[in-house]
Amino acid sequence: MESLIKQAKKGDTNALNTLINNHRDLAFSIALNIVKNKNDAEDIVQNSFLIVLKSLQSFRNESKFSTWLFKIVYRESIKIFKQKQKLIEFSILEIESEESDIKKEINITKLLSNLNEKEYIVISLFYLKEKRINDIVRITSFSKANIKVLLHRGRQKLKKIKLDKSYYHGQENN
């Protein structure tokens, strides 16, 4: 891999094409998992590879090429996601209560908007996209420990918000 990077830095288009081809599918998968739109994901991957092409000379081999590339894809994906953030709505979310199981309509996007950016991404990937922690590590470059902490904090915030909203809507358990 290092020899490909050195060759690509020297202007070898075959080496650059090999680097791109070796990482294109996972880059696309990361982008698609974040933006949920094939066309946007394709644009993100293309823009990310343009950034790589422009910045390749400054790549210092302090990390793996794939880590560097996927971090660029992740950041570009988040940028597009924020620009085109659409409501993620589940018309009905099943909420279990001690007295009975009640189906309530909840605006998930509004609920998740109470989380900070990192918690939002990790909670969304883990619960909404059903990604494993190892997948989230690859996507975000956060450590496993950091992801677990963000999941815990996010859950605690959502639980508190859910309880507060139930209380304010007169739905508290008596």
# chains A, B, ... in the order shown; residues from 1 in each chain; ligands from 1

call {"tool": "residues_around", "arguments": {"residues": "range 4-6 of chain A", "least_positions_apart": "2", "cutoff": "8 Å", "atoms": "only C-alpha atoms", "output": "list in words"}}
result
Met1, Glu2, Ala8, Lys9, Lys10, Ala15, Leu16, Thr18 and Leu19 of chain A

call {"tool": "residues_around", "arguments": {"residues": "range 41-48 of chain A", "least_positions_apart": "6", "cutoff": "12 Å", "atoms": "only C-alpha atoms", "output": "PyMOL selection string"}}
result
chain A and resi 20-21+23-35+54-56+68-81

call {"tool": "atom_distance", "arguments": {"atom1": "CA of Arg153 in chain A", "atom2": "CA of Ile123 in chain A"}}
result
9.7 Å

call {"tool": "closest_residue", "arguments": {"among": "A:Asn37, A:Asn114, A:Ser124, A:Ser3", "to": "Phe65 in chain A", "atoms": "only C-alpha atoms"}}
result
A:Ser3

call {"tool": "closest_residue", "arguments": {"among": "A:Leu158, A:Leu53, A:Ile139, A:Ala145", "to": "Thr67 in chain A", "atoms": "only C-alpha atoms"}}
result
A:Ile139

call {"tool": "atom_distance", "arguments": {"atom1": "CA of Ile121 in chain A", "atom2": "CA of Thr140 in chain A"}}
result
8.6 Å

call {"tool": "atom_distance", "arguments": {"atom1": "CA of Lys36 in chain A", "atom2": "CA of Lys129 in chain A"}}
result
10.0 Å
